[in-house]
Amino acid sequence: MVKIFLSQSSKDIDIINSIINNLKSLSDYYKLLYFLRPYKSDMERVMKNLSISDLFIVFITNNSLDSKFVNEELEKAFELVMTGQIKEICPILLDNNIDVNLDSRIPWFIKNNKIYHTKSPVKAAQIAKNFICKY
């Protein structure tokens, strides 16, 4: 089973719920790990789930870039990529007002990846499915 951690801001709940609903059509071979408000998990539990993940998808918005939790998840995901635990990070930009080259909130290791751009939750889900199904 491939475990996929989805990192997002709970302030983007509407678009994220739409994406997750589209991803639920994935086979049982894939397990989505995500936390949406209201959730009762502390950061330790979130990090534990992140540490058992095989893939990491981050949905980039102004809200997620300003989120302390998303930034902690990104840092941990990068550490796990460096140790080989996480195979790959897939950044999906959902906000056309963010310039990935100029925005200092985006970590360098994300800027060095291919960043997918879309405002459509359906297209974002398709990008995520294509990424996931490589594994």
# chains A, B, ... in the order shown; residues from 1 in each chain; ligands from 1

call {"tool": "residues_around", "arguments": {"residues": "Leu74 of chain A", "least_positions_apart": "5", "cutoff": "9 Å", "atoms": "only C-alpha atoms", "output": "number ranges by chain"}}
result
A: 7, 56, 58, 69, 79, 107, 110

call {"tool": "write_last_selection", "arguments": {"atoms": "N, CA and C atoms", "output": "PDB file, in the first residue's frame"}}
result
ATOM      1  N   SER A   7      -0.808  17.837   2.275  1.00  0.00           N
ATOM      2  CA  SER A   7      -0.560  18.993   3.127  1.00  0.00           C
ATOM      3  C   SER A   7      -1.300  20.197   2.560  1.00  0.00           C
ATOM      4  N   PHE A  56       4.355  12.800  -0.827  1.00  0.00           N
ATOM      5  CA  PHE A  56       3.910  14.031  -0.167  1.00  0.00           C
ATOM      6  C   PHE A  56       3.388  14.981  -1.238  1.00  0.00           C
ATOM      7  N   VAL A  58       1.708  18.796  -1.594  1.00  0.00           N
ATOM      8  CA  VAL A  58       1.388  20.048  -0.909  1.00  0.00           C
ATOM      9  C   VAL A  58       0.581  20.920  -1.861  1.00  0.00           C
ATOM     10  N   PHE A  69       1.746  25.085  10.457  1.00  0.00           N
ATOM     11  CA  PHE A  69       1.668  23.629  10.354  1.00  0.00           C
ATOM     12  C   PHE A  69       2.148  23.140   8.988  1.00  0.00           C
ATOM     13  N   GLU A  79      13.144  16.479   4.915  1.00  0.00           N
ATOM     14  CA  GLU A  79      14.050  15.586   5.658  1.00  0.00           C
ATOM     15  C   GLU A  79      13.817  14.133   5.247  1.00  0.00           C
ATOM     16  N   PRO A 107       9.805  27.352   0.004  1.00  0.00           N
ATOM     17  CA  PRO A 107      11.165  26.847   0.248  1.00  0.00           C
ATOM     18  C   PRO A 107      11.896  26.520  -1.058  1.00  0.00           C
ATOM     19  N   ILE A 110      11.210  23.287  -2.857  1.00  0.00           N
ATOM     20  CA  ILE A 110       9.958  23.238  -3.618  1.00  0.00           C
ATOM     21  C   ILE A 110      10.153  23.966  -4.948  1.00  0.00           C
TER      22      ILE A 110
END

call {"tool": "select_by_dssp", "arguments": {"residues": "segment 19-79 of chain A", "states": "strand (DSSP E or B)", "output": "list in words"}}
result
Tyr30, Lys31, Leu32, Leu33, Leu55, Phe56, Ile57, Val58, Phe59 and Ile60 of chain A

call {"tool": "residues_around", "arguments": {"residues": "Leu33 of chain A", "least_positions_apart": "3", "cutoff": "12 Å", "atoms": "only C-alpha atoms", "output": "MDAnalysis selection string"}}
result
chainID A and resid 2:8 20 23:24 30 36 45:58

call {"tool": "residues_around", "arguments": {"residues": "segment 83-95 of chain A", "least_positions_apart": "2", "cutoff": "6 Å", "atoms": "only C-alpha atoms", "output": "list in words"}}
result
Asp54, Leu55, Phe56, Ile57, Val58, Phe59, Ile60, Thr61, Leu80, Val81, Asn97, Ile98, Ile115, Tyr116, His117, Thr118 and Lys119 of chain A

call {"tool": "write_last_selection", "arguments": {"atoms": "N, CA and C atoms", "output": "PDB file, in the first residue's frame"}}
result
ATOM      1  N   ASP A  54       4.750   7.592   1.949  1.00  0.00           N
ATOM      2  CA  ASP A  54       5.630   7.303   0.816  1.00  0.00           C
ATOM      3  C   ASP A  54       5.733   8.489  -0.138  1.00  0.00           C
ATOM      4  N   LEU A  55       4.655   9.257  -0.228  1.00  0.00           N
ATOM      5  CA  LEU A  55       4.588  10.408  -1.126  1.00  0.00           C
ATOM      6  C   LEU A  55       4.024  11.602  -0.368  1.00  0.00           C
ATOM      7  N   PHE A  56       4.355  12.800  -0.827  1.00  0.00           N
ATOM      8  CA  PHE A  56       3.910  14.031  -0.167  1.00  0.00           C
ATOM      9  C   PHE A  56       3.388  14.981  -1.238  1.00  0.00           C
ATOM     10  N   ILE A  57       2.148  15.416  -1.072  1.00  0.00           N
ATOM     11  CA  ILE A  57       1.556  16.409  -1.975  1.00  0.00           C
ATOM     12  C   ILE A  57       1.229  17.643  -1.147  1.00  0.00           C
ATOM     13  N   VAL A  58       1.708  18.796  -1.594  1.00  0.00           N
ATOM     14  CA  VAL A  58       1.388  20.048  -0.909  1.00  0.00           C
ATOM     15  C   VAL A  58       0.581  20.920  -1.861  1.00  0.00           C
ATOM     16  N   PHE A  59      -0.536  21.427  -1.349  1.00  0.00           N
ATOM     17  CA  PHE A  59      -1.392  22.333  -2.102  1.00  0.00           C
ATOM     18  C   PHE A  59      -1.019  23.752  -1.684  1.00  0.00           C
ATOM     19  N   ILE A  60      -0.431  24.493  -2.619  1.00  0.00           N
ATOM     20  CA  ILE A  60       0.127  25.812  -2.313  1.00  0.00           C
ATOM     21  C   ILE A  60      -0.907  26.901  -2.572  1.00  0.00           C
ATOM     22  N   THR A  61      -1.202  27.647  -1.502  1.00  0.00           N
ATOM     23  CA  THR A  61      -2.055  28.833  -1.550  1.00  0.00           C
ATOM     24  C   THR A  61      -1.424  29.855  -0.611  1.00  0.00           C
ATOM     25  N   LEU A  80      12.546  13.754   5.127  1.00  0.00           N
ATOM     26  CA  LEU A  80      12.205  12.374   4.788  1.00  0.00           C
ATOM     27  C   LEU A  80      12.555  12.034   3.339  1.00  0.00           C
ATOM     28  N   VAL A  81      12.527  13.011   2.450  1.00  0.00           N
ATOM     29  CA  VAL A  81      12.992  12.793   1.079  1.00  0.00           C
ATOM     30  C   VAL A  81      14.499  12.547   1.096  1.00  0.00           C
ATOM     31  N   ASN A  97      -2.154  34.128  -8.067  1.00  0.00           N
ATOM     32  CA  ASN A  97      -1.565  35.387  -7.614  1.00  0.00           C
ATOM     33  C   ASN A  97      -0.198  35.199  -6.969  1.00  0.00           C
ATOM     34  N   ILE A  98       0.253  33.965  -6.838  1.00  0.00           N
ATOM     35  CA  ILE A  98       1.549  33.690  -6.223  1.00  0.00           C
ATOM     36  C   ILE A  98       2.586  33.510  -7.325  1.00  0.00           C
ATOM     37  N   ILE A 115       6.558  22.552 -10.343  1.00  0.00           N
ATOM     38  CA  ILE A 115       5.370  22.996  -9.612  1.00  0.00           C
ATOM     39  C   ILE A 115       4.216  23.039 -10.607  1.00  0.00           C
ATOM     40  N   TYR A 116       3.168  22.297 -10.294  1.00  0.00           N
ATOM     41  CA  TYR A 116       1.990  22.252 -11.151  1.00  0.00           C
ATOM     42  C   TYR A 116       1.079  23.427 -10.801  1.00  0.00           C
ATOM     43  N   HIS A 117       0.503  24.073 -11.811  1.00  0.00           N
ATOM     44  CA  HIS A 117      -0.352  25.244 -11.614  1.00  0.00           C
ATOM     45  C   HIS A 117      -1.767  24.948 -12.094  1.00  0.00           C
ATOM     46  N   THR A 118      -2.741  25.198 -11.236  1.00  0.00           N
ATOM     47  CA  THR A 118      -4.145  25.127 -11.633  1.00  0.00           C
ATOM     48  C   THR A 118      -5.005  25.762 -10.551  1.00  0.00           C
ATOM     49  N   LYS A 119      -6.116  26.337 -10.949  1.00  0.00           N
ATOM     50  CA  LYS A 119      -7.097  26.821  -9.971  1.00  0.00           C
ATOM     51  C   LYS A 119      -8.255  25.842  -9.845  1.00  0.00           C
TER      52      LYS A 119
END

call {"tool": "atom_distance", "arguments": {"atom1": "atom CA of Met43 of chain A", "atom2": "atom CA of Asp66 of chain A"}}
result
16.5 Å

call {"tool": "closest_residue", "arguments": {"among": "A:Ile19, A:Met1, A:Ile106, A:Cys133", "to": "Ser120 of chain A", "atoms": "only C-alpha atoms"}}
result
A:Ile19

call {"tool": "select_by_dssp", "arguments": {"residues": "chain A", "states": "alpha helix (DSSP H)", "output": "PyMOL selection string"}}
result
chain A and resi 13-23+43-51+62-65+68-82+108-111+121-132

call {"tool": "atom_distance", "arguments": {"atom1": "atom CA of Lys111 of chain A", "atom2": "atom CA of Tyr135 of chain A"}}
result
22.6 Å

call {"tool": "closest_residue", "arguments": {"among": "A:Ser9, A:Asn101, A:Gln126, A:Asn21", "to": "Glu73 of chain A", "atoms": "only C-alpha atoms"}}
result
A:Ser9

call {"tool": "atom_distance", "arguments": {"atom1": "atom CA of Asn71 of chain A", "atom2": "atom CA of Phe35 of chain A"}}
result
14.5 Å

call {"tool": "closest_residue", "arguments": {"among": "A:Leu65, A:Glu75, A:Lys123, A:Asp42", "to": "Ser104 of chain A", "atoms": "only C-alpha atoms"}}
result
A:Leu65

call {"tool": "closest_residue", "arguments": {"among": "A:Lys114, A:Lys76, A:Asn96, A:Asp12", "to": "Phe131 of chain A", "atoms": "only C-alpha atoms"}}
result
A:Lys114
